[in-house]
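Chemist: Sending over start-v6.pdb (PDB, C-alpha atoms, pLDDT in the B column).
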ATOM      1  CA  MET A 184      86.746 123.003  91.168  1.00 36.00           C
ATOM      2  CA  ILE A 185      90.047 121.933  92.719  1.00 37.00           C
ATOM      3  CA  PRO A 186      90.007 118.332  93.990  1.00 40.00           C
ATOM      4  CA  ARG A 187      90.672 118.128  97.728  1.00 40.00           C
ATOM      5  CA  LEU A 188      93.133 115.777  99.351  1.00 47.00           C
ATOM      6  CA  THR A 189      91.851 114.106 102.491  1.00 40.00           C
ATOM      7  CA  ASN A 190      93.675 112.372 105.318  1.00 36.00           C
ATOM      8  CA  ARG A 191      92.818 109.985 108.092  1.00 34.00           C
ATOM      9  CA  TRP A 192      94.309 110.297 111.553  1.00 25.00           C
ATOM     10  CA  PHE A 193      97.631 108.509 111.787  1.00 29.00           C
ATOM     11  CA  SER A 194      97.418 107.114 115.305  1.00 32.00           C
ATOM     12  CA  GLU A 195     100.990 105.926 115.818  1.00 33.00           C
ATOM     13  CA  GLN A 196     103.517 108.711 116.229  1.00 30.00           C
ATOM     14  CA  SER A 197     107.255 108.165 116.240  1.00 34.00           C
ATOM     15  CA  GLU A 198     109.376 109.717 118.947  1.00 34.00           C
ATOM     16  CA  THR A 199     111.186 111.630 116.205  1.00 36.00           C
ATOM     17  CA  SER A 200     109.712 114.564 114.336  1.00 42.00           C
ATOM     18  CA  VAL A 201     107.525 112.528 111.983  1.00 50.00           C
ATOM     19  CA  LEU A 202     104.540 114.475 110.700  1.00 51.00           C
ATOM     20  CA  THR A 203     101.165 112.848 111.048  1.00 56.00           C
ATOM     21  CA  ASP A 204      98.528 112.865 108.344  1.00 56.00           C
ATOM     22  CA  ALA A 205      96.458 115.183 110.545  1.00 52.00           C
ATOM     23  CA  GLU A 206      99.323 117.690 110.606  1.00 54.00           C
ATOM     24  CA  LEU A 207      99.613 117.428 106.826  1.00 55.00           C
ATOM     25  CA  LEU A 208      95.890 118.118 106.490  1.00 50.00           C
ATOM     26  CA  ILE A 209      96.170 121.221 108.682  1.00 47.00           C
ATOM     27  CA  SER A 210      99.029 122.578 106.577  1.00 48.00           C
ATOM     28  CA  MET A 211      97.117 121.832 103.369  1.00 49.00           C
ATOM     29  CA  THR A 212      93.856 123.442 104.430  1.00 46.00           C
ATOM     30  CA  GLU A 213      95.659 126.757 104.633  1.00 45.00           C
ATOM     31  CA  THR A 214      95.885 126.780 100.828  1.00 45.00           C
ATOM     32  CA  ASN A 215      93.112 126.361  98.311  1.00 56.00           C
ATOM     33  CA  GLN A 216      94.945 125.815  95.026  1.00 81.00           C
ATOM     34  CA  LEU A 217      96.091 122.344  94.009  1.00 79.00           C
ATOM     35  CA  GLU A 218      99.551 123.540  92.992  1.00 84.00           C
ATOM     36  CA  GLN A 219     100.005 125.249  96.354  1.00 85.00           C
ATOM     37  CA  GLN A 220      98.845 122.141  98.203  1.00 85.00           C
ATOM     38  CA  ILE A 221     101.275 119.901  96.331  1.00 85.00           C
ATOM     39  CA  THR A 222     104.084 122.425  96.833  1.00 86.00           C
ATOM     40  CA  GLN A 223     103.334 122.480 100.571  1.00 87.00           C
ATOM     41  CA  LEU A 224     103.379 118.675 100.686  1.00 87.00           C
ATOM     42  CA  PHE A 225     106.626 118.607  98.723  1.00 89.00           C
ATOM     43  CA  GLU A 226     108.262 121.002 101.183  1.00 89.00           C
ATOM     44  CA  THR A 227     106.990 118.933 104.112  1.00 88.00           C
ATOM     45  CA  LEU A 228     107.635 115.383 102.887  1.00 90.00           C
ATOM     46  CA  ARG A 229     110.499 115.725 100.400  1.00 90.00           C
ATOM     47  CA  GLN A 230     113.268 115.196 102.940  1.00 91.00           C
ATOM     48  CA  PRO A 231     111.827 112.018 104.570  1.00 91.00           C
ATOM     49  CA  VAL A 232     111.091 110.457 101.169  1.00 92.00           C
ATOM     50  CA  TYR A 233     114.548 111.369  99.870  1.00 91.00           C
ATOM     51  CA  GLN A 234     116.203 109.999 103.023  1.00 88.00           C
ATOM     52  CA  TYR A 235     114.261 106.748 102.658  1.00 88.00           C
ATOM     53  CA  LEU A 236     115.338 106.309  99.039  1.00 87.00           C
ATOM     54  CA  MET A 237     118.905 107.299  99.856  1.00 85.00           C
ATOM     55  CA  ALA A 238     119.186 105.046 102.910  1.00 78.00           C
ATOM     56  CA  VAL A 239     117.709 102.037 101.172  1.00 75.00           C
ATOM     57  CA  PHE A 240     118.983 102.370  97.633  1.00 74.00           C
ATOM     58  CA  GLY A 241     122.183 104.382  98.124  1.00 73.00           C
ATOM     59  CA  ASN A 242     122.244 106.684  95.074  1.00 76.00           C
ATOM     60  CA  ALA A 243     121.772 110.415  95.766  1.00 83.00           C
ATOM     61  CA  GLU A 244     120.986 111.548  92.215  1.00 85.00           C
ATOM     62  CA  GLU A 245     118.484 108.757  91.593  1.00 85.00           C
ATOM     63  CA  ALA A 246     116.917 109.322  95.026  1.00 88.00           C
ATOM     64  CA  GLU A 247     116.376 113.013  94.196  1.00 91.00           C
ATOM     65  CA  ASP A 248     114.884 112.195  90.780  1.00 90.00           C
ATOM     66  CA  LEU A 249     112.577 109.555  92.203  1.00 92.00           C
ATOM     67  CA  THR A 250     111.440 111.885  94.988  1.00 93.00           C
ATOM     68  CA  GLN A 251     110.422 114.485  92.430  1.00 92.00           C
ATOM     69  CA  ASP A 252     108.753 111.831  90.260  1.00 92.00           C
ATOM     70  CA  ALA A 253     106.687 110.648  93.232  1.00 93.00           C
ATOM     71  CA  PHE A 254     105.356 114.158  93.849  1.00 92.00           C
ATOM     72  CA  LEU A 255     104.637 114.598  90.147  1.00 91.00           C
ATOM     73  CA  GLN A 256     102.561 111.397  90.337  1.00 91.00           C
ATOM     74  CA  LEU A 257     100.756 112.860  93.365  1.00 90.00           C
ATOM     75  CA  TYR A 258      99.894 115.985  91.392  1.00 88.00           C
ATOM     76  CA  LYS A 259      98.625 114.006  88.396  1.00 89.00           C
ATOM     77  CA  THR A 260      96.577 111.669  90.589  1.00 89.00           C
ATOM     78  CA  VAL A 261      94.869 114.444  92.530  1.00 86.00           C
ATOM     79  CA  LYS A 262      94.332 116.564  89.419  1.00 85.00           C
ATOM     80  CA  SER A 263      92.513 113.624  87.827  1.00 86.00           C
ATOM     81  CA  GLY A 264      89.998 113.820  90.692  1.00 83.00           C
ATOM     82  CA  GLN A 265      91.125 110.841  92.757  1.00 86.00           C
ATOM     83  CA  THR A 266      91.077 111.098  96.554  1.00 84.00           C
ATOM     84  CA  ILE A 267      94.093 110.030  98.572  1.00 86.00           C
ATOM     85  CA  ARG A 268      93.178 109.200 102.140  1.00 85.00           C
ATOM     86  CA  ASN A 269      96.665 108.644 103.580  1.00 88.00           C
ATOM     87  CA  ILE A 270      99.123 110.960 101.882  1.00 89.00           C
ATOM     88  CA  ARG A 271     102.306 109.867 103.699  1.00 89.00           C
ATOM     89  CA  PHE A 272     101.611 106.220 102.985  1.00 91.00           C
ATOM     90  CA  TRP A 273     100.696 106.937  99.360  1.00 93.00           C
ATOM     91  CA  ILE A 274     103.812 108.988  98.623  1.00 93.00           C
ATOM     92  CA  PHE A 275     106.177 106.448 100.233  1.00 92.00           C
ATOM     93  CA  ARG A 276     104.457 103.627  98.349  1.00 92.00           C
ATOM     94  CA  VAL A 277     104.781 105.439  95.015  1.00 93.00           C
ATOM     95  CA  ALA A 278     108.438 106.343  95.707  1.00 92.00           C
ATOM     96  CA  HIS A 279     109.164 102.716  96.592  1.00 90.00           C
ATOM     97  CA  ASN A 280     107.468 101.422  93.442  1.00 90.00           C
ATOM     98  CA  LEU A 281     109.294 103.944  91.258  1.00 89.00           C
ATOM     99  CA  ALA A 282     112.610 102.849  92.787  1.00 86.00           C
ATOM    100  CA  VAL A 283     111.880  99.164  92.267  1.00 84.00           C
ATOM    101  CA  ASN A 284     110.847  99.824  88.656  1.00 84.00           C
ATOM    102  CA  ARG A 285     113.990 101.878  88.059  1.00 80.00           C
ATOM    103  CA  ARG A 286     116.042  99.057  89.529  1.00 77.00           C
ATOM    104  CA  LYS A 287     114.486  96.585  87.131  1.00 74.00           C
ATOM    105  CA  HIS A 288     115.337  98.795  84.161  1.00 68.00           C
ATOM    106  CA  ASN A 289     118.649 100.350  85.153  1.00 63.00           C
ATOM    107  CA  GLN A 290     119.951  98.256  88.027  1.00 55.00           C
ATOM    108  CA  PHE A 291     120.808 101.518  89.828  1.00 47.00           C
ATOM    109  CA  ILE A 292     120.343 100.150  93.351  1.00 47.00           C
ATOM    110  CA  ALA A 293     123.668  99.230  94.848  1.00 52.00           C
ATOM    111  CA  PRO A 294     124.722  98.083  98.299  1.00 55.00           C
ATOM    112  CA  LEU A 295     125.311 100.901 100.755  1.00 59.00           C
ATOM    113  CA  ASP A 296     128.886 102.113 100.209  1.00 61.00           C
ATOM    114  CA  ALA A 297     131.108 104.547 102.110  1.00 63.00           C
ATOM    115  CA  ASP A 298     130.217 107.517  99.873  1.00 65.00           C
ATOM    116  CA  SER A 299     126.502 106.918 100.343  1.00 64.00           C
ATOM    117  CA  TRP A 300     127.029 106.668 104.071  1.00 64.00           C
ATOM    118  CA  GLU A 301     128.774 110.060 104.061  1.00 70.00           C
ATOM    119  CA  VAL A 302     125.760 111.604 102.287  1.00 68.00           C
ATOM    120  CA  ILE A 303     123.373 110.057 104.828  1.00 65.00           C
ATOM    121  CA  GLU A 304     125.592 111.183 107.691  1.00 67.00           C
ATOM    122  CA  SER A 305     125.688 114.737 106.294  1.00 67.00           C
ATOM    123  CA  LEU A 306     121.880 114.855 106.513  1.00 64.00           C
ATOM    124  CA  LEU A 307     122.067 114.411 110.273  1.00 62.00           C
ATOM    125  CA  THR A 308     122.106 117.575 112.345  1.00 57.00           C
ATOM    126  CA  ASP A 309     125.417 118.471 113.951  1.00 56.00           C
ATOM    127  CA  SER A 310     124.747 119.260 117.589  1.00 57.00           C
ATOM    128  CA  ARG A 311     127.980 117.899 119.043  1.00 50.00           C
ATOM    129  CA  PRO A 312     129.260 120.364 121.611  1.00 59.00           C
ATOM    130  CA  ASN A 313     132.808 119.105 122.125  1.00 71.00           C
ATOM    131  CA  PRO A 314     135.532 117.011 120.434  1.00 75.00           C
ATOM    132  CA  GLU A 315     135.213 114.081 122.858  1.00 76.00           C
ATOM    133  CA  GLN A 316     131.513 113.688 122.121  1.00 73.00           C
ATOM    134  CA  ASN A 317     132.343 114.088 118.439  1.00 73.00           C
ATOM    135  CA  ILE A 318     134.703 111.096 118.597  1.00 78.00           C
ATOM    136  CA  LEU A 319     132.185 108.980 120.522  1.00 77.00           C
ATOM    137  CA  LEU A 320     129.443 109.838 118.061  1.00 75.00           C
ATOM    138  CA  ARG A 321     131.728 109.060 115.119  1.00 78.00           C
ATOM    139  CA  GLU A 322     132.477 105.635 116.614  1.00 79.00           C
ATOM    140  CA  LYS A 323     128.758 105.057 117.094  1.00 77.00           C
ATOM    141  CA  TYR A 324     128.092 105.980 113.447  1.00 75.00           C
ATOM    142  CA  GLU A 325     130.866 103.667 112.291  1.00 79.00           C
ATOM    143  CA  ARG A 326     129.297 100.777 114.223  1.00 76.00           C
ATOM    144  CA  LEU A 327     125.916 101.697 112.763  1.00 73.00           C
ATOM    145  CA  TYR A 328     127.415 101.835 109.259  1.00 75.00           C
ATOM    146  CA  LEU A 329     128.970  98.390 109.695  1.00 76.00           C
ATOM    147  CA  GLY A 330     125.637  97.108 111.001  1.00 75.00           C
ATOM    148  CA  LEU A 331     123.732  98.622 108.075  1.00 75.00           C
ATOM    149  CA  LYS A 332     126.128  97.000 105.617  1.00 79.00           C
ATOM    150  CA  ARG A 333     125.129  93.634 107.061  1.00 84.00           C
ATOM    151  CA  LEU A 334     121.422  94.279 106.435  1.00 86.00           C
ATOM    152  CA  SER A 335     119.642  93.108 103.324  1.00 87.00           C
ATOM    153  CA  MET A 336     117.841  95.718 101.246  1.00 86.00           C
ATOM    154  CA  GLN A 337     114.484  94.486 102.595  1.00 90.00           C
ATOM    155  CA  GLU A 338     115.677  94.754 106.203  1.00 91.00           C
ATOM    156  CA  ARG A 339     116.876  98.334 105.599  1.00 88.00           C
ATOM    157  CA  GLN A 340     113.564  99.219 103.955  1.00 89.00           C
ATOM    158  CA  ALA A 341     111.503  97.788 106.807  1.00 91.00           C
ATOM    159  CA  LEU A 342     113.597  99.467 109.515  1.00 90.00           C
ATOM    160  CA  PHE A 343     113.541 102.846 107.802  1.00 88.00           C
ATOM    161  CA  LEU A 344     109.793 102.764 107.177  1.00 91.00           C
ATOM    162  CA  ARG A 345     109.143 101.696 110.771  1.00 91.00           C
ATOM    163  CA  ALA A 346     111.302 104.601 111.962  1.00 87.00           C
ATOM    164  CA  GLU A 347     109.089 106.853 109.809  1.00 88.00           C
ATOM    165  CA  GLY A 348     106.124 105.707 111.883  1.00 88.00           C
ATOM    166  CA  PHE A 349     104.446 103.302 109.477  1.00 92.00           C
ATOM    167  CA  ARG A 350     102.577 100.280 110.872  1.00 92.00           C
ATOM    168  CA  TYR A 351     103.579  96.742 109.950  1.00 94.00           C
ATOM    169  CA  ARG A 352     100.568  96.410 107.628  1.00 93.00           C
ATOM    170  CA  GLU A 353     101.445  99.666 105.850  1.00 93.00           C
ATOM    171  CA  ILE A 354     105.095  98.640 105.507  1.00 93.00           C
ATOM    172  CA  GLY A 355     103.933  95.349 104.004  1.00 93.00           C
ATOM    173  CA  GLU A 356     101.773  97.204 101.496  1.00 93.00           C
ATOM    174  CA  ILE A 357     104.595  99.577 100.568  1.00 92.00           C
ATOM    175  CA  MET A 358     107.061  96.700 100.142  1.00 92.00           C
ATOM    176  CA  SER A 359     104.485  94.301  98.612  1.00 91.00           C
ATOM    177  CA  VAL A 360     105.093  91.614 101.250  1.00 93.00           C
ATOM    178  CA  ALA A 361     102.927  89.976 103.914  1.00 95.00           C
ATOM    179  CA  THR A 362     102.717  91.544 107.380  1.00 94.00           C
ATOM    180  CA  PRO A 363     104.488  88.578 109.080  1.00 95.00           C
ATOM    181  CA  THR A 364     107.332  88.979 106.592  1.00 95.00           C
ATOM    182  CA  VAL A 365     107.704  92.611 107.680  1.00 94.00           C
ATOM    183  CA  GLY A 366     107.991  91.426 111.273  1.00 94.00           C
ATOM    184  CA  GLU A 367     110.682  88.969 110.247  1.00 95.00           C
ATOM    185  CA  PHE A 368     112.642  91.638 108.332  1.00 94.00           C
ATOM    186  CA  LEU A 369     112.464  93.928 111.370  1.00 93.00           C
ATOM    187  CA  ARG A 370     113.465  91.158 113.788  1.00 93.00           C
ATOM    188  CA  ARG A 371     116.460  90.135 111.705  1.00 92.00           C
ATOM    189  CA  GLY A 372     117.511  93.732 111.078  1.00 89.00           C
ATOM    190  CA  ILE A 373     117.342  94.671 114.755  1.00 88.00           C
ATOM    191  CA  LYS A 374     119.233  91.502 115.694  1.00 89.00           C
ATOM    192  CA  LYS A 375     122.034  92.279 113.219  1.00 87.00           C
ATOM    193  CA  LEU A 376     122.312  95.877 114.446  1.00 83.00           C
ATOM    194  CA  SER A 377     122.318  94.727 118.085  1.00 82.00           C
ATOM    195  CA  GLU A 378     125.048  92.190 117.385  1.00 80.00           C
ATOM    196  CA  GLN A 379     127.142  94.896 115.725  1.00 72.00           C
ATOM    197  CA  ASN A 380     126.776  97.154 118.782  1.00 66.00           C
ATOM    198  CA  GLY A 381     127.629  94.300 121.157  1.00 63.00           C
ATOM    199  CA  ASP A 382     124.194  94.310 122.813  1.00 58.00           C
TER     200      ASP A 382
END
Spell out the structure here as structure tokens.
Modeler:
Amino acid sequence: MIPRLTNRWFSEQSETSVLTDAELLISMTETNQLEQQITQLFETLRQPVYQYLMAVFGNAEEAEDLTQDAFLQLYKTVKSGQTIRNIRFWIFRVAHNLAVNRRKHNQFIAPLDADSWEVIESLLTDSRPNPEQNILLREKYERLYLGLKRLSMQERQALFLRAEGFRYREIGEIMSVATPTVGEFLRRGIKKLSEQNGD
């Protein structure tokens, strides 16, 4: 018998196109084989997990490897018969832990540099209709890049995870910090970004 993954309703939805656990459950119930379920989850969640690792840790090759490792861990965990109640949370937590462990062993995590920023920027959709808007958007991205450079790794992590729709408590669990500390990381990160934009 194939072990089933279960989800609980993820009540907070981001204004962006963040998938809820309920939506993940719907997509998974359309398949009945474990390999197909994990493949479906990989196709659905790979990009957000990769973007998180890339935005926070700044190394494209390592981010891709760690993303795949996280989904391999998901497969092994479910195959062993364990139930995962919140798949998005679980996969981000595992990816985060893998990255921290890799950092301890290889020191691969580096401050966000210009090359990493170009990779992140290339992941954004290009819907700019004219050259003037292109220039304005480029200036906005440059201000954002300068603001992101000012952020600590923890501030970047907290902001990215919050943008993914995670609650403060969940962010704290992913980052292994207390919930008030998450609030402080978010407050400081938003303040630094606001100062950079002249708000």
Chemist: Please, what distance in Å, to one decimal, runs between CA of Asn280 (chain A) and CA of Leu249 (chain A)?
Modeler: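 About the pair CA of Asn280 (chain A) and CA of Leu249 (chain A): they are 9.7 Å apart.
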Chemist: Can you work out which one of A:Arg345, A:Leu224, A:Glu353, A:Gln316 has the shortest atom-to-atom distance to Arg370 (chain A), counting all atoms listed in the file?
Modeler: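 Looking at the shortest contact to Arg370 (chain A), the residue is A:Arg345.
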Chemist: Would you compute the distance between CA of Ala361 (chain A) and CA of Ser335 (chain A)? Give it in Å to one decimal.
Modeler: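 CA of Ala361 (chain A) sits 17.0 Å away from CA of Ser335 (chain A).
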Chemist: Determine the residue set returned by the PyMOL selection byres ((chain A and resi 271-277) around 7) for the present structure, and present it as a PDB file with C-alpha atoms, in the coordinates of the input.
Modeler:
ATOM      1  CA  ASP A 204      98.528 112.865 108.344  1.00 56.00           C
ATOM      2  CA  VAL A 232     111.091 110.457 101.169  1.00 92.00           C
ATOM      3  CA  ALA A 253     106.687 110.648  93.232  1.00 93.00           C
ATOM      4  CA  ASN A 269      96.665 108.644 103.580  1.00 88.00           C
ATOM      5  CA  ILE A 270      99.123 110.960 101.882  1.00 89.00           C
ATOM      6  CA  ALA A 278     108.438 106.343  95.707  1.00 92.00           C
ATOM      7  CA  HIS A 279     109.164 102.716  96.592  1.00 90.00           C
ATOM      8  CA  ASN A 280     107.468 101.422  93.442  1.00 90.00           C
ATOM      9  CA  LEU A 281     109.294 103.944  91.258  1.00 89.00           C
ATOM     10  CA  ILE A 357     104.595  99.577 100.568  1.00 92.00           C
TER      11      ILE A 357
END
Chemist: Looking at A:Glu245, A:Glu315, A:Glu218, A:Glu378, which one is nearest to Gly330 (chain A), with distances taken over only C-alpha atoms?
Modeler: A:Glu378
Chemist: Expand the PyMOL selection byres ((chain A and resi 258) around 12) into the explicit residue set it covers here, and present it as JSON, numbers by chain.
Modeler: {"A": [185, 186, 187, 188, 216, 217, 218, 219, 220, 221, 222, 223, 224, 225, 251, 252, 253, 254, 255, 256, 257, 259, 260, 261, 262, 263, 264, 265, 266, 267, 270, 274]}
Chemist: What does the structure give for the distance between CA of Leu342 (chain A) and CA of Arg326 (chain A), in Å to one decimal?
Modeler: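 Interatomic distance, CA of Leu342 (chain A) to CA of Arg326 (chain A): 16.4 Å.
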Chemist: Suppose a student applies the PyMOL selection byres ((chain A and resi 366) around 12) to this structure; what residues should they get, written as a compact mmCIF listing (two decimals) with C-alpha atoms, in the coordinates of the input?
Modeler:
# COMPACT_ATOMS: atom_id res chain seq x y z
CA GLN A 337 114.48 94.49 102.60
CA GLU A 338 115.68 94.75 106.20
CA ALA A 341 111.50 97.79 106.81
CA LEU A 342 113.60 99.47 109.52
CA ARG A 345 109.14 101.70 110.77
CA ARG A 350 102.58 100.28 110.87
CA TYR A 351 103.58 96.74 109.95
CA ARG A 352 100.57 96.41 107.63
CA GLU A 353 101.44 99.67 105.85
CA ILE A 354 105.10 98.64 105.51
CA GLY A 355 103.93 95.35 104.00
CA VAL A 360 105.09 91.61 101.25
CA ALA A 361 102.93 89.98 103.91
CA THR A 362 102.72 91.54 107.38
CA PRO A 363 104.49 88.58 109.08
CA THR A 364 107.33 88.98 106.59
CA VAL A 365 107.70 92.61 107.68
CA GLU A 367 110.68 88.97 110.25
CA PHE A 368 112.64 91.64 108.33
CA LEU A 369 112.46 93.93 111.37
CA ARG A 370 113.46 91.16 113.79
CA ARG A 371 116.46 90.14 111.70
CA GLY A 372 117.51 93.73 111.08
CA ILE A 373 117.34 94.67 114.76
Chemist: I'd like to know which of A:Arg229, A:Arg333, A:Lys323, A:Arg285 is closest to Lys375 (chain A), using only C-alpha atoms.
Modeler: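 The answer is A:Arg333, which sits nearest to Lys375 (chain A).
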Chemist: Which centre and edge lengths in Å to one decimal define the box along x, y and z that fits every listed atom of region 361-367 of chain A plus 5 Å per side, as AutoDock Vina command-line options?
Modeler:
--center_x 106.7 --center_y 90.6 --center_z 107.6 --size_x 18.0 --size_y 14.0 --size_z 17.4
Chemist: Could you list, as a ChimeraX atom specification, every residue within 7 Å of Met237 (chain A), counting only C-alpha atoms and ignoring same-chain residues fewer than 5 positions away?
Modeler: /A:242-243,246
